[in-house]
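my_file-v8.txt (compact mmCIF, C-alpha atoms)
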# COMPACT_ATOMS: atom_id res chain seq x y z
CA MET A 34 231.46 225.59 102.52
CA ASN A 35 230.88 224.65 106.13
CA GLU A 36 231.94 226.94 108.93
CA TYR A 37 235.57 225.81 109.03
CA PRO A 38 237.87 225.87 106.01
CA SER A 39 239.78 222.86 107.31
CA LYS A 40 238.73 219.80 109.32
CA THR A 41 242.12 219.84 111.05
CA LEU A 42 241.54 223.42 112.19
CA GLN A 43 238.02 222.58 113.29
CA GLU A 44 239.22 219.67 115.43
CA ALA A 45 241.90 221.82 117.04
CA VAL A 46 239.38 224.60 117.74
CA GLU A 47 236.95 222.10 119.27
CA ALA A 48 239.69 220.60 121.45
CA ILE A 49 240.86 224.02 122.67
CA GLY A 50 237.25 225.19 123.10
CA SER A 51 236.60 222.25 125.43
CA LEU A 52 238.83 223.88 128.05
CA PRO A 53 236.90 225.64 130.82
CA GLY A 54 236.48 229.36 130.26
CA VAL A 55 237.64 229.23 126.63
CA GLY A 56 234.82 230.18 124.26
CA SER A 57 234.66 229.22 120.60
CA ARG A 58 235.96 232.60 119.43
CA SER A 59 238.95 232.44 121.78
CA ALA A 60 239.55 228.84 120.73
CA LEU A 61 239.69 229.90 117.07
CA ARG A 62 242.02 232.77 117.91
CA LEU A 63 244.34 230.43 119.83
CA ALA A 64 244.27 227.74 117.11
CA LEU A 65 245.13 230.32 114.44
CA HIS A 66 247.89 231.66 116.67
CA LEU A 67 249.37 228.17 116.97
CA LEU A 68 249.00 227.68 113.22
CA ARG A 69 251.19 230.71 112.61
CA GLN A 70 253.98 229.25 114.76
CA PRO A 71 256.79 227.11 113.31
CA GLY A 72 255.92 223.40 113.21
CA GLU A 73 258.42 222.52 115.92
CA ASN A 74 256.74 224.93 118.35
CA ILE A 75 253.39 223.27 117.72
CA HIS A 76 254.91 219.81 118.26
CA HIS A 77 256.53 221.05 121.47
CA PHE A 78 253.21 222.45 122.72
CA ALA A 79 251.33 219.24 121.91
CA ALA A 80 254.00 217.03 123.47
CA ALA A 81 254.05 219.10 126.69
CA VAL A 82 250.30 218.69 127.06
CA ASP A 83 250.34 215.04 125.99
CA ALA A 84 252.84 214.23 128.76
CA LEU A 85 250.16 215.14 131.33
CA ALA A 86 248.41 211.89 130.44
CA ASP A 87 251.26 209.49 131.18
CA LYS A 88 254.15 211.19 132.91
CA VAL A 89 252.40 212.70 135.92
CA HIS A 90 252.23 210.43 138.96
CA TYR A 91 250.40 210.86 142.24
CA CYS A 92 252.38 210.67 145.46
CA LYS A 93 251.55 207.39 147.19
CA VAL A 94 251.75 209.12 150.56
CA CYS A 95 249.89 212.40 150.13
CA ASN A 96 248.19 212.15 146.70
CA MET A 97 250.03 215.27 145.44
CA ILE A 98 251.02 215.23 141.76
CA SER A 99 254.62 214.34 141.24
CA ASP A 100 257.09 213.06 138.65
CA SER A 101 257.77 209.98 140.76
CA ASP A 102 256.00 207.71 143.25
CA THR A 103 256.77 209.96 146.19
CA CYS A 104 256.43 213.72 145.82
CA LEU A 105 259.20 216.23 146.48
CA ILE A 106 257.63 217.32 149.77
CA CYS A 107 257.08 213.82 151.20
CA SER A 108 260.62 212.82 150.24
CA ASP A 109 262.13 215.95 151.82
CA ASP A 110 263.73 215.04 155.17
CA LYS A 111 263.52 218.64 156.38
CA ARG A 112 259.71 218.64 156.38
CA ASP A 113 257.89 217.94 159.64
CA ARG A 114 256.00 214.70 158.97
CA ASN A 115 254.04 215.06 162.18
CA THR A 116 252.02 217.96 160.81
CA ILE A 117 249.66 217.10 157.96
CA CYS A 118 247.80 219.88 156.15
CA VAL A 119 244.66 218.54 154.45
CA VAL A 120 243.77 220.47 151.28
CA GLU A 121 241.28 220.09 148.46
CA SER A 122 243.64 220.31 145.49
CA VAL A 123 247.13 220.53 144.05
CA ARG A 124 246.66 224.28 143.64
CA ASP A 125 246.10 224.71 147.37
CA VAL A 126 249.44 223.01 148.06
CA MET A 127 251.12 225.37 145.60
CA SER A 128 249.43 228.39 147.22
CA ILE A 129 250.52 227.38 150.73
CA GLU A 130 254.05 226.51 149.53
CA ALA A 131 254.27 229.95 147.94
CA THR A 132 253.82 231.56 151.38
CA GLY A 133 257.00 229.88 152.65
CA GLN A 134 255.35 229.68 156.10
CA TYR A 135 254.56 225.97 156.29
CA HIS A 136 257.09 223.25 156.92
CA GLY A 137 254.87 220.20 157.46
CA VAL A 138 253.53 217.77 154.87
CA TYR A 139 250.21 217.66 153.01
CA HIS A 140 247.31 215.42 152.23
CA VAL A 141 245.53 216.22 148.94
CA LEU A 142 241.88 215.12 149.00
CA GLY A 143 241.42 215.53 145.25
CA GLY A 144 238.12 217.35 145.70
CA ILE A 145 235.53 218.25 148.28
CA ILE A 146 232.29 216.56 149.40
CA SER A 147 229.62 217.99 147.13
CA PRO A 148 226.31 216.11 146.77
CA ILE A 149 225.26 218.58 144.04
CA ASN A 150 228.26 217.55 141.92
CA GLY A 151 227.87 213.89 142.90
CA ILE A 152 231.11 213.82 144.90
CA GLY A 153 230.89 211.73 148.05
CA PRO A 154 233.52 210.91 150.71
CA GLY A 155 234.43 207.73 148.79
CA ASP A 156 235.65 209.79 145.83
CA LEU A 157 238.23 211.56 147.99
CA SER A 158 241.42 210.22 149.56
CA ILE A 159 239.95 210.32 153.06
CA ASP A 160 240.46 206.59 153.77
CA ARG A 161 244.10 207.03 152.81
CA LEU A 162 244.39 209.85 155.38
CA VAL A 163 242.91 207.58 158.06
CA GLU A 164 245.42 204.83 157.18
CA ARG A 165 248.21 207.37 157.24
CA LEU A 166 247.27 208.45 160.76
CA GLN A 167 246.91 204.83 161.90
CA GLU A 168 250.41 204.08 160.58
CA SER A 169 252.04 207.08 162.25
CA ILE A 170 254.02 206.38 165.40
CA THR A 171 253.32 209.63 167.24
CA PRO A 172 249.85 211.18 166.75
CA ALA A 173 250.15 213.90 164.12
CA GLU A 174 248.60 217.36 164.05
CA VAL A 175 246.08 217.59 161.23
CA ILE A 176 245.30 221.04 159.80
CA LEU A 177 241.99 221.09 157.94
CA ALA A 178 242.75 223.77 155.34
CA LEU A 179 239.52 223.59 153.34
CA SER A 180 237.39 226.45 152.11
CA GLY A 181 234.97 228.14 154.48
CA ASP A 182 231.81 227.52 152.44
CA VAL A 183 229.17 224.89 153.18
CA GLU A 184 230.92 222.15 151.17
CA GLY A 185 234.26 222.90 152.82
CA GLU A 186 232.72 222.92 156.30
CA THR A 187 230.86 219.67 155.59
CA THR A 188 234.05 217.99 154.41
CA SER A 189 236.00 219.30 157.40
CA PHE A 190 233.34 217.98 159.77
CA TYR A 191 233.24 214.59 158.03
CA ILE A 192 237.02 214.23 158.25
CA TYR A 193 237.00 215.48 161.84
CA ARG A 194 234.66 212.65 162.86
CA LYS A 195 236.78 210.07 161.02
CA ILE A 196 240.12 211.08 162.53
CA ALA A 197 239.09 212.42 165.94
CA GLY A 198 240.68 209.53 167.84
CA LEU A 199 243.72 209.22 165.58
CA ALA A 200 245.18 212.70 165.38
CA GLY A 201 247.12 214.35 168.18
CA LYS A 202 245.53 217.71 167.40
CA ILE A 203 243.07 218.91 164.77
CA SER A 204 243.24 222.55 163.74
CA THR A 205 241.88 224.75 160.99
CA LEU A 206 243.05 227.92 159.25
CA ALA A 207 242.68 231.23 161.06
CA ARG A 208 239.95 233.29 159.44
CA GLY A 209 239.39 237.00 159.77
CA LEU A 210 240.16 240.22 158.01
CA GLY A 211 242.98 240.01 155.48
CA PHE A 212 246.10 242.06 156.20
CA GLY A 213 245.49 245.48 154.69
CA ASP A 214 241.72 244.95 154.53
CA ASP A 215 239.51 247.92 155.33
CA LEU A 216 236.83 247.38 157.99
CA GLU A 217 234.43 249.41 155.91
CA TYR A 218 234.53 246.95 152.99
CA ALA A 219 234.73 243.65 154.90
CA ASP A 220 231.72 241.34 154.70
CA SER A 221 229.87 241.18 158.02
CA LEU A 222 230.43 237.42 158.48
CA THR A 223 234.18 237.81 158.25
CA LEU A 224 234.21 240.95 160.40
CA GLY A 225 231.95 239.27 162.98
CA ARG A 226 234.24 236.25 163.22
CA SER A 227 237.26 238.53 163.44
CA ILE A 228 235.79 240.12 166.55
CA VAL A 229 234.70 236.84 168.17
CA ASN A 230 238.08 235.22 167.48
CA ARG A 231 240.10 238.30 168.43
CA GLN A 232 243.71 237.68 169.43
CA GLU A 233 245.97 239.16 172.02
CA PHE A 234 247.74 242.28 170.75
CA ARG A 235 251.50 241.71 170.66
CA PRO A 236 253.51 244.80 169.75
CA ARG A 237 256.62 243.93 167.78
CA MET B 104 260.73 222.50 146.60
CA ASN B 105 260.60 224.70 143.54
CA GLU B 106 257.37 226.36 142.48
CA TYR B 107 255.98 223.36 140.58
CA PRO B 108 255.52 219.94 142.16
CA SER B 109 256.17 218.24 138.81
CA LYS B 110 258.41 219.12 135.87
CA THR B 111 255.81 217.65 133.51
CA LEU B 112 253.16 219.96 134.95
CA GLN B 113 255.54 222.90 134.74
CA GLU B 114 256.28 222.26 131.06
CA ALA B 115 252.57 221.97 130.26
CA VAL B 116 251.82 225.19 132.15
CA GLU B 117 254.63 227.00 130.34
CA ALA B 118 253.40 225.74 126.95
CA ILE B 119 249.80 226.77 127.65
CA GLY B 120 250.95 230.07 129.14
CA SER B 121 252.77 230.90 125.91
CA LEU B 122 249.41 231.33 124.18
CA PRO B 123 248.38 234.97 123.74
CA GLY B 124 246.06 236.24 126.46
CA VAL B 125 246.64 233.24 128.74
CA GLY B 126 248.37 234.28 131.98
CA SER B 127 250.34 231.94 134.20
CA ARG B 128 247.43 231.48 136.63
CA SER B 129 245.02 230.58 133.83
CA ALA B 130 247.64 228.27 132.33
CA LEU B 131 247.95 226.43 135.65
CA ARG B 132 244.17 226.19 135.94
CA LEU B 133 243.90 224.77 132.41
CA ALA B 134 246.78 222.32 132.90
CA LEU B 135 245.23 221.04 136.12
CA HIS B 136 241.88 220.75 134.37
CA LEU B 137 243.48 218.63 131.63
CA LEU B 138 245.25 216.57 134.26
CA ARG B 139 241.90 215.64 135.79
CA GLN B 140 240.64 214.31 132.44
CA PRO B 141 241.00 210.66 131.40
CA GLY B 142 244.28 209.97 129.59
CA GLU B 143 242.56 209.37 126.24
CA ASN B 144 241.02 212.86 126.36
CA ILE B 145 244.43 214.40 126.94
CA HIS B 146 245.91 212.39 124.04
CA HIS B 147 243.01 213.50 121.83
CA PHE B 148 243.56 217.14 122.77
CA ALA B 149 247.30 216.95 122.10
CA ALA B 150 246.84 215.13 118.79
CA ALA B 151 244.27 217.66 117.57
CA VAL B 152 246.68 220.50 118.27
CA ASP B 153 249.69 218.59 116.92
CA ALA B 154 247.92 218.08 113.59
CA LEU B 155 248.03 221.86 113.04
CA ALA B 156 251.75 221.51 112.37
CA ASP B 157 251.57 219.02 109.52
CA LYS B 158 248.05 218.48 108.28
CA VAL B 159 247.04 222.04 107.45
CA HIS B 160 247.84 223.15 103.90
CA TYR B 161 247.60 226.54 102.29
CA CYS B 162 245.54 226.90 99.12
CA LYS B 163 247.91 227.41 96.19
CA VAL B 164 245.44 229.84 94.62
CA CYS B 165 244.29 232.09 97.47
CA ASN B 166 246.57 231.21 100.42
CA MET B 167 243.57 230.21 102.58
CA ILE B 168 244.15 227.33 104.99
CA SER B 169 242.82 224.06 103.71
CA ASP B 170 243.08 220.30 104.10
CA SER B 171 244.27 219.95 100.50
CA ASP B 172 246.23 221.92 97.88
CA THR B 173 243.20 223.89 96.75
CA CYS B 174 240.74 225.21 99.33
CA LEU B 175 237.04 224.44 99.40
CA ILE B 176 236.14 227.90 98.11
CA CYS B 177 238.59 227.94 95.19
CA SER B 178 237.51 224.44 94.17
CA ASP B 179 233.79 225.32 94.32
CA ASP B 180 232.44 225.83 90.78
CA LYS B 181 229.55 227.92 92.06
CA ARG B 182 231.83 230.71 93.29
CA ASP B 183 232.41 233.74 91.07
CA ARG B 184 236.14 233.60 90.28
CA ASN B 185 236.02 237.04 88.74
CA THR B 186 235.52 238.71 92.10
CA ILE B 187 238.48 238.49 94.47
CA CYS B 188 238.14 239.72 98.04
CA VAL B 189 241.54 240.58 99.53
CA VAL B 190 241.67 240.01 103.29
CA GLU B 191 244.31 240.05 105.98
CA SER B 192 243.69 236.66 107.55
CA VAL B 193 241.89 233.33 107.62
CA ARG B 194 239.55 234.71 110.28
CA ASP B 195 238.39 237.46 107.94
CA VAL B 196 237.41 234.84 105.34
CA MET B 197 235.46 232.98 108.00
CA SER B 198 233.73 236.20 109.13
CA ILE B 199 232.71 237.11 105.57
CA GLU B 200 231.61 233.53 104.82
CA ALA B 201 229.45 233.60 107.95
CA THR B 202 227.45 236.51 106.46
CA GLY B 203 226.38 234.33 103.51
CA GLN B 204 226.41 237.51 101.37
CA TYR B 205 229.55 236.94 99.33
CA HIS B 206 229.85 234.53 96.43
CA GLY B 207 233.23 235.42 94.98
CA VAL B 208 236.65 234.05 95.91
CA TYR B 209 239.32 235.34 98.29
CA HIS B 210 242.96 236.24 98.51
CA VAL B 211 244.46 235.88 101.98
CA LEU B 212 247.44 238.22 102.48
CA GLY B 213 248.60 236.49 105.65
CA GLY B 214 249.12 239.81 107.45
CA ILE B 215 249.17 243.53 106.91
CA ILE B 216 251.99 245.96 106.13
CA SER B 217 253.27 247.08 109.53
CA PRO B 218 256.74 248.64 109.78
CA ILE B 219 256.42 248.65 113.59
CA ASN B 220 256.06 244.84 113.61
CA GLY B 221 258.67 244.45 110.86
CA ILE B 222 256.15 243.23 108.27
CA GLY B 223 256.80 244.54 104.78
CA PRO B 224 254.99 243.90 101.47
CA GLY B 225 257.39 241.01 100.75
CA ASP B 226 256.10 239.10 103.75
CA LEU B 227 252.56 239.07 102.35
CA SER B 228 251.13 237.21 99.35
CA ILE B 229 250.83 240.38 97.27
CA ASP B 230 253.05 239.14 94.41
CA ARG B 231 250.85 236.06 94.18
CA LEU B 232 247.78 238.32 93.85
CA VAL B 233 249.49 240.22 91.01
CA GLU B 234 250.27 236.91 89.24
CA ARG B 235 246.71 235.78 89.78
CA LEU B 236 245.36 238.90 88.10
CA GLN B 237 247.88 238.59 85.26
CA GLU B 238 246.77 235.00 84.67
CA SER B 239 243.04 235.82 84.66
CA ILE B 240 241.38 236.01 81.24
CA THR B 241 238.81 238.72 82.02
CA PRO B 242 239.91 241.48 84.43
CA ALA B 243 238.57 240.64 87.88
CA GLU B 244 236.97 242.92 90.45
CA VAL B 245 239.22 243.19 93.49
CA ILE B 246 237.61 244.10 96.83
CA LEU B 247 240.16 245.45 99.30
CA ALA B 248 238.55 244.26 102.56
CA LEU B 249 241.26 245.40 104.98
CA SER B 250 240.82 247.21 108.26
CA GLY B 251 240.24 250.96 108.29
CA ASP B 252 243.24 251.85 110.44
CA VAL B 253 246.53 253.31 109.22
CA GLU B 254 248.13 249.93 108.53
CA GLY B 255 245.07 248.69 106.67
CA GLU B 256 244.86 251.88 104.60
CA THR B 257 248.59 251.71 103.83
CA THR B 258 248.30 248.10 102.70
CA SER B 259 245.21 248.89 100.60
CA PHE B 260 247.02 251.77 98.93
CA TYR B 261 250.13 249.67 98.26
CA ILE B 262 248.06 246.90 96.66
CA TYR B 263 246.01 249.46 94.74
CA ARG B 264 249.16 250.81 93.09
CA LYS B 265 250.39 247.29 92.28
CA ILE B 266 247.17 246.09 90.64
CA ALA B 267 245.70 249.31 89.23
CA GLY B 268 246.26 248.26 85.61
CA LEU B 269 245.39 244.60 86.11
CA ALA B 270 242.01 244.63 87.86
CA GLY B 271 238.74 245.42 86.11
CA LYS B 272 237.48 247.28 89.16
CA ILE B 273 238.92 247.92 92.61
CA SER B 274 236.48 248.44 95.46
CA THR B 275 236.54 248.58 99.23
CA LEU B 276 234.08 247.78 102.02
CA ALA B 277 231.27 250.24 102.77
CA ARG B 278 231.91 251.96 106.08
CA GLY B 279 229.42 253.81 108.22
CA LEU B 280 227.16 253.27 111.19
CA GLY B 281 226.41 249.64 111.99
CA PHE B 282 222.81 248.50 111.66
CA GLY B 283 221.18 249.17 115.01
CA ASP B 284 223.88 251.66 116.06
CA ASP B 285 222.79 254.72 117.98
CA LEU B 286 223.94 258.08 116.58
CA GLU B 287 224.58 259.26 120.11
CA TYR B 288 227.29 256.64 120.75
CA ALA B 289 228.92 256.53 117.30
CA ASP B 290 232.48 257.84 117.05
CA SER B 291 232.63 261.09 115.13
CA LEU B 292 234.90 259.73 112.37
CA THR B 293 232.41 256.97 111.53
CA LEU B 294 229.41 259.28 111.83
CA GLY B 295 231.13 261.90 109.67
CA ARG B 296 231.89 259.36 106.94
CA SER B 297 228.34 258.04 107.15
CA ILE B 298 227.05 261.50 106.31
CA VAL B 299 229.56 262.15 103.52
CA ASN B 300 228.94 258.74 101.95
CA ARG B 301 225.17 258.85 102.45
CA GLN B 302 223.13 256.60 100.19
CA GLU B 303 219.82 256.99 98.44
CA PHE B 304 216.91 256.00 100.68
CA ARG B 305 215.09 253.01 99.21
CA PRO B 306 211.91 252.06 101.08
CA ARG B 307 211.31 248.31 100.96
For this file, produce the structure as structure tokens.
Amino acid sequence: MNEYPSKTLQEAVEAIGSLPGVGSRSALRLALHLLRQPGENIHHFAAAVDALADKVHYCKVCNMISDSDTCLICSDDKRDRNTICVVESVRDVMSIEATGQYHGVYHVLGGIISPINGIGPGDLSIDRLVERLQESITPAEVILALSGDVEGETTSFYIYRKIAGLAGKISTLARGLGFGDDLEYADSLTLGRSIVNRQEFRPR
Amino acid sequence: MNEYPSKTLQEAVEAIGSLPGVGSRSALRLALHLLRQPGENIHHFAAAVDALADKVHYCKVCNMISDSDTCLICSDDKRDRNTICVVESVRDVMSIEATGQYHGVYHVLGGIISPINGIGPGDLSIDRLVERLQESITPAEVILALSGDVEGETTSFYIYRKIAGLAGKISTLARGLGFGDDLEYADSLTLGRSIVNRQEFRPR
């Protein structure tokens, strides 16, 4: 007998085990869990995942995932189309949306410049951002909301050079101590920047 | 905008998040990972999982999962059919098979008696085990390879009473310190049983 009692099980375990962070033991556990479910539940699960292949569109304006050609944010008249927040991924949009503090639109790059991973500027939707700014009637504010590591900074700088003459204003996220953070446990880079970029104290 | 930018994404995240041990954040991460794959990979993943619903059979002899009516172990002439190892689940069979030390056949209960989870003897394949022993020509040895906790012990005892007159011999797994275990870190129940059930020292 080979390791798996059933080729069908083996294929399911291998498929599940191909997901990032799911080891072969977890994959087996999950496959056996699914196997114990009623057939209709398994079909439902498979169909929900299968739909990702064909039913998800990308917004033609901002590259966000969507169920139609234009995403819910770009088609929302209440959003300020003159403020464009540039993010790496769909998750970043969801994180910012969850704050409820942002009312502009987005531009999803679909990644970040990373020579080590073979991702260059041409793999991202940077040209589309340039076109978008060229098409806009009044110069928009562009917020570069990328991560603060080397790859994020490199990408921000690359985009900055590309759009410098096209955007009305180019800003980036405020960085510093998190609310509730203890000075004692803050890393010195963050704490240092928090001091340099200190803001006027405004009692509420 | 609701929390998800796409209903398709939301349904996939909810399906993946219904798996045990997969939280909503992990489910989103996995769904977005799948979304970044080529469509054919997503179809392959979904089809492999979908097949669990229809293509997996249960062995009519031992209740093990299989691709046909009789599992690979029960249809293997080299296995000793007069030794039946009773286990809770498919995973236990795979664990024992991985040791390469067992050459008999199995009987998969499909669970364990657990009043708290509403699982009674009727939900398990115990009657089928009784029939199997009644049908056998020479009385078989039955190994009760269930866990050592209260539910496992209860199930073992229940089966023991059911098959006492039908089996040639009823045994259970040896329990004690694991090979390589340190006395210092062993739990006292295990260490105590290891002393009571000590075995003759046989130098190799």
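If you look at CA of Thr188 in chain A and CA of Lys202 in chain A, they are 17.3 Å away from each other.
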Exercise for the section: Return the neighbours of chain A among the residues of chain B, cut-off 8 Å, counting all atoms listed in the file, as a VMD selection string. Expected result: chain B and resid 104 106 to 112 114 to 115 118 to 119 122 to 123 133 to 134 136 to 138 141 to 143 145 to 159 167 to 170 174 to 176 197 200 to 201
Exercise for the section: Determine the nearest neighbour of Phe212 in chain A from the options A:Asp182, A:Leu199, A:Tyr135, A:Ser227, counting all atoms listed in the file. Expected result: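 Smallest separation from Phe212 in chain A among the options: A:Ser227.
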Practice task
May I ask for the distance between CA of Arg208 in chain A and CA of Leu142 in chain A, given in Å to one decimal place?
Solution key: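 Between CA of Arg208 in chain A and CA of Leu142 in chain A the gap works out to 21.0 Å.
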Practice task
Just give me the gap between CA of Ile176 in chain A and CA of Thr103 in chain A in Å, one decimal is fine.
Solution key: 21.0 Å
Practice task
Tell me, as an MDAnalysis selection string, which residues lie within 12 Å of Val183 in chain A, counting all atoms listed in the file; anything in the same chain fewer than 6 positions away does not count.
Solution key: chainID A and resid 145:149 189:190
Could you pull the residues within 12 Å of Val163 in chain A, counting only C-alpha atoms, minus those fewer than 3 positions along the same chain, as a PDB file with C-alpha atoms, in the frame of the given file?
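Produced file around06.pdb, reproduced below:
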ATOM      1  CA  VAL A  94     251.750 209.120 150.560  1.00  0.00           C
ATOM      2  CA  CYS A  95     249.890 212.400 150.130  1.00  0.00           C
ATOM      3  CA  ILE A 117     249.660 217.100 157.960  1.00  0.00           C
ATOM      4  CA  VAL A 119     244.660 218.540 154.450  1.00  0.00           C
ATOM      5  CA  HIS A 140     247.310 215.420 152.230  1.00  0.00           C
ATOM      6  CA  LEU A 142     241.880 215.120 149.000  1.00  0.00           C
ATOM      7  CA  LEU A 157     238.230 211.560 147.990  1.00  0.00           C
ATOM      8  CA  SER A 158     241.420 210.220 149.560  1.00  0.00           C
ATOM      9  CA  ILE A 159     239.950 210.320 153.060  1.00  0.00           C
ATOM     10  CA  ASP A 160     240.460 206.590 153.770  1.00  0.00           C
ATOM     11  CA  LEU A 166     247.270 208.450 160.760  1.00  0.00           C
ATOM     12  CA  GLN A 167     246.910 204.830 161.900  1.00  0.00           C
ATOM     13  CA  GLU A 168     250.410 204.080 160.580  1.00  0.00           C
ATOM     14  CA  SER A 169     252.040 207.080 162.250  1.00  0.00           C
ATOM     15  CA  PRO A 172     249.850 211.180 166.750  1.00  0.00           C
ATOM     16  CA  ALA A 173     250.150 213.900 164.120  1.00  0.00           C
ATOM     17  CA  VAL A 175     246.080 217.590 161.230  1.00  0.00           C
ATOM     18  CA  TYR A 191     233.240 214.590 158.030  1.00  0.00           C
ATOM     19  CA  ILE A 192     237.020 214.230 158.250  1.00  0.00           C
ATOM     20  CA  TYR A 193     237.000 215.480 161.840  1.00  0.00           C
ATOM     21  CA  ARG A 194     234.660 212.650 162.860  1.00  0.00           C
ATOM     22  CA  LYS A 195     236.780 210.070 161.020  1.00  0.00           C
ATOM     23  CA  ILE A 196     240.120 211.080 162.530  1.00  0.00           C
ATOM     24  CA  ALA A 197     239.090 212.420 165.940  1.00  0.00           C
ATOM     25  CA  GLY A 198     240.680 209.530 167.840  1.00  0.00           C
ATOM     26  CA  LEU A 199     243.720 209.220 165.580  1.00  0.00           C
ATOM     27  CA  ALA A 200     245.180 212.700 165.380  1.00  0.00           C
TER      28      ALA A 200
END
Problem - Asp125 in chain A environment, 9 Å, all atoms listed in the file, sequence neighbours closer than 4 positions dropped, as a list in words - result: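 Returned residues: Val120, Glu121, Ile129, Glu130, Val141, Ala178 and Leu179 of chain A.
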Padding 5 Å on every side, please: axis-aligned box over the listed atoms of range 111-115 of chain A, centre and edge lengths to one decimal in Å, as lines of an AutoDock Vina configuration file.
center_x = 258.8
center_y = 216.7
center_z = 159.3
size_x = 19.5
size_y = 13.9
size_z = 15.8
How would range 154-168 of chain A of the given structure read as a file with N, CA and C atoms, as a JSON list (two decimals), in the first residue's frame?
[["chain", "number", "residue", "atom", "x", "y", "z"],
["A", 154, "PRO", "N", 9.01, 47.21, -12.41],
["A", 154, "PRO", "CA", 7.92, 48.19, -12.54],
["A", 154, "PRO", "C", 6.90, 47.78, -13.59],
["A", 155, "GLY", "N", 7.37, 47.08, -14.66],
["A", 155, "GLY", "CA", 6.47, 46.68, -15.74],
["A", 155, "GLY", "C", 5.43, 45.65, -15.32],
["A", 156, "ASP", "N", 5.68, 44.96, -14.20],
["A", 156, "ASP", "CA", 4.72, 43.95, -13.74],
["A", 156, "ASP", "C", 3.60, 44.58, -12.92],
["A", 157, "LEU", "N", 3.76, 45.86, -12.59],
["A", 157, "LEU", "CA", 2.76, 46.53, -11.75],
["A", 157, "LEU", "C", 1.94, 47.48, -12.60],
["A", 158, "SER", "N", 0.83, 47.96, -12.05],
["A", 158, "SER", "CA", -0.06, 48.82, -12.84],
["A", 158, "SER", "C", 0.34, 50.29, -12.73],
["A", 159, "ILE", "N", 1.66, 50.54, -12.83],
["A", 159, "ILE", "CA", 2.15, 51.91, -12.68],
["A", 159, "ILE", "C", 1.81, 52.76, -13.92],
["A", 160, "ASP", "N", 1.97, 52.16, -15.12],
["A", 160, "ASP", "CA", 1.64, 52.91, -16.35],
["A", 160, "ASP", "C", 0.17, 53.33, -16.34],
["A", 161, "ARG", "N", -0.67, 52.44, -15.82],
["A", 161, "ARG", "CA", -2.10, 52.74, -15.75],
["A", 161, "ARG", "C", -2.37, 53.94, -14.82],
["A", 162, "LEU", "N", -1.57, 54.02, -13.73],
["A", 162, "LEU", "CA", -1.69, 55.16, -12.81],
["A", 162, "LEU", "C", -1.29, 56.45, -13.52],
["A", 163, "VAL", "N", -0.22, 56.39, -14.30],
["A", 163, "VAL", "CA", 0.24, 57.56, -15.05],
["A", 163, "VAL", "C", -0.86, 58.03, -16.01],
["A", 164, "GLU", "N", -1.43, 57.08, -16.77],
["A", 164, "GLU", "CA", -2.52, 57.40, -17.68],
["A", 164, "GLU", "C", -3.70, 58.06, -16.94],
["A", 165, "ARG", "N", -3.99, 57.45, -15.79],
["A", 165, "ARG", "CA", -5.12, 57.93, -15.00],
["A", 165, "ARG", "C", -4.92, 59.39, -14.60],
["A", 166, "LEU", "N", -3.67, 59.73, -14.23],
["A", 166, "LEU", "CA", -3.38, 61.11, -13.83],
["A", 166, "LEU", "C", -3.40, 62.04, -15.04],
["A", 167, "GLN", "N", -2.93, 61.52, -16.19],
["A", 167, "GLN", "CA", -2.94, 62.32, -17.41],
["A", 167, "GLN", "C", -4.37, 62.63, -17.84],
["A", 168, "GLU", "N", -5.28, 61.68, -17.62],
["A", 168, "GLU", "CA", -6.67, 61.83, -18.03],
["A", 168, "GLU", "C", -7.46, 62.75, -17.09]]
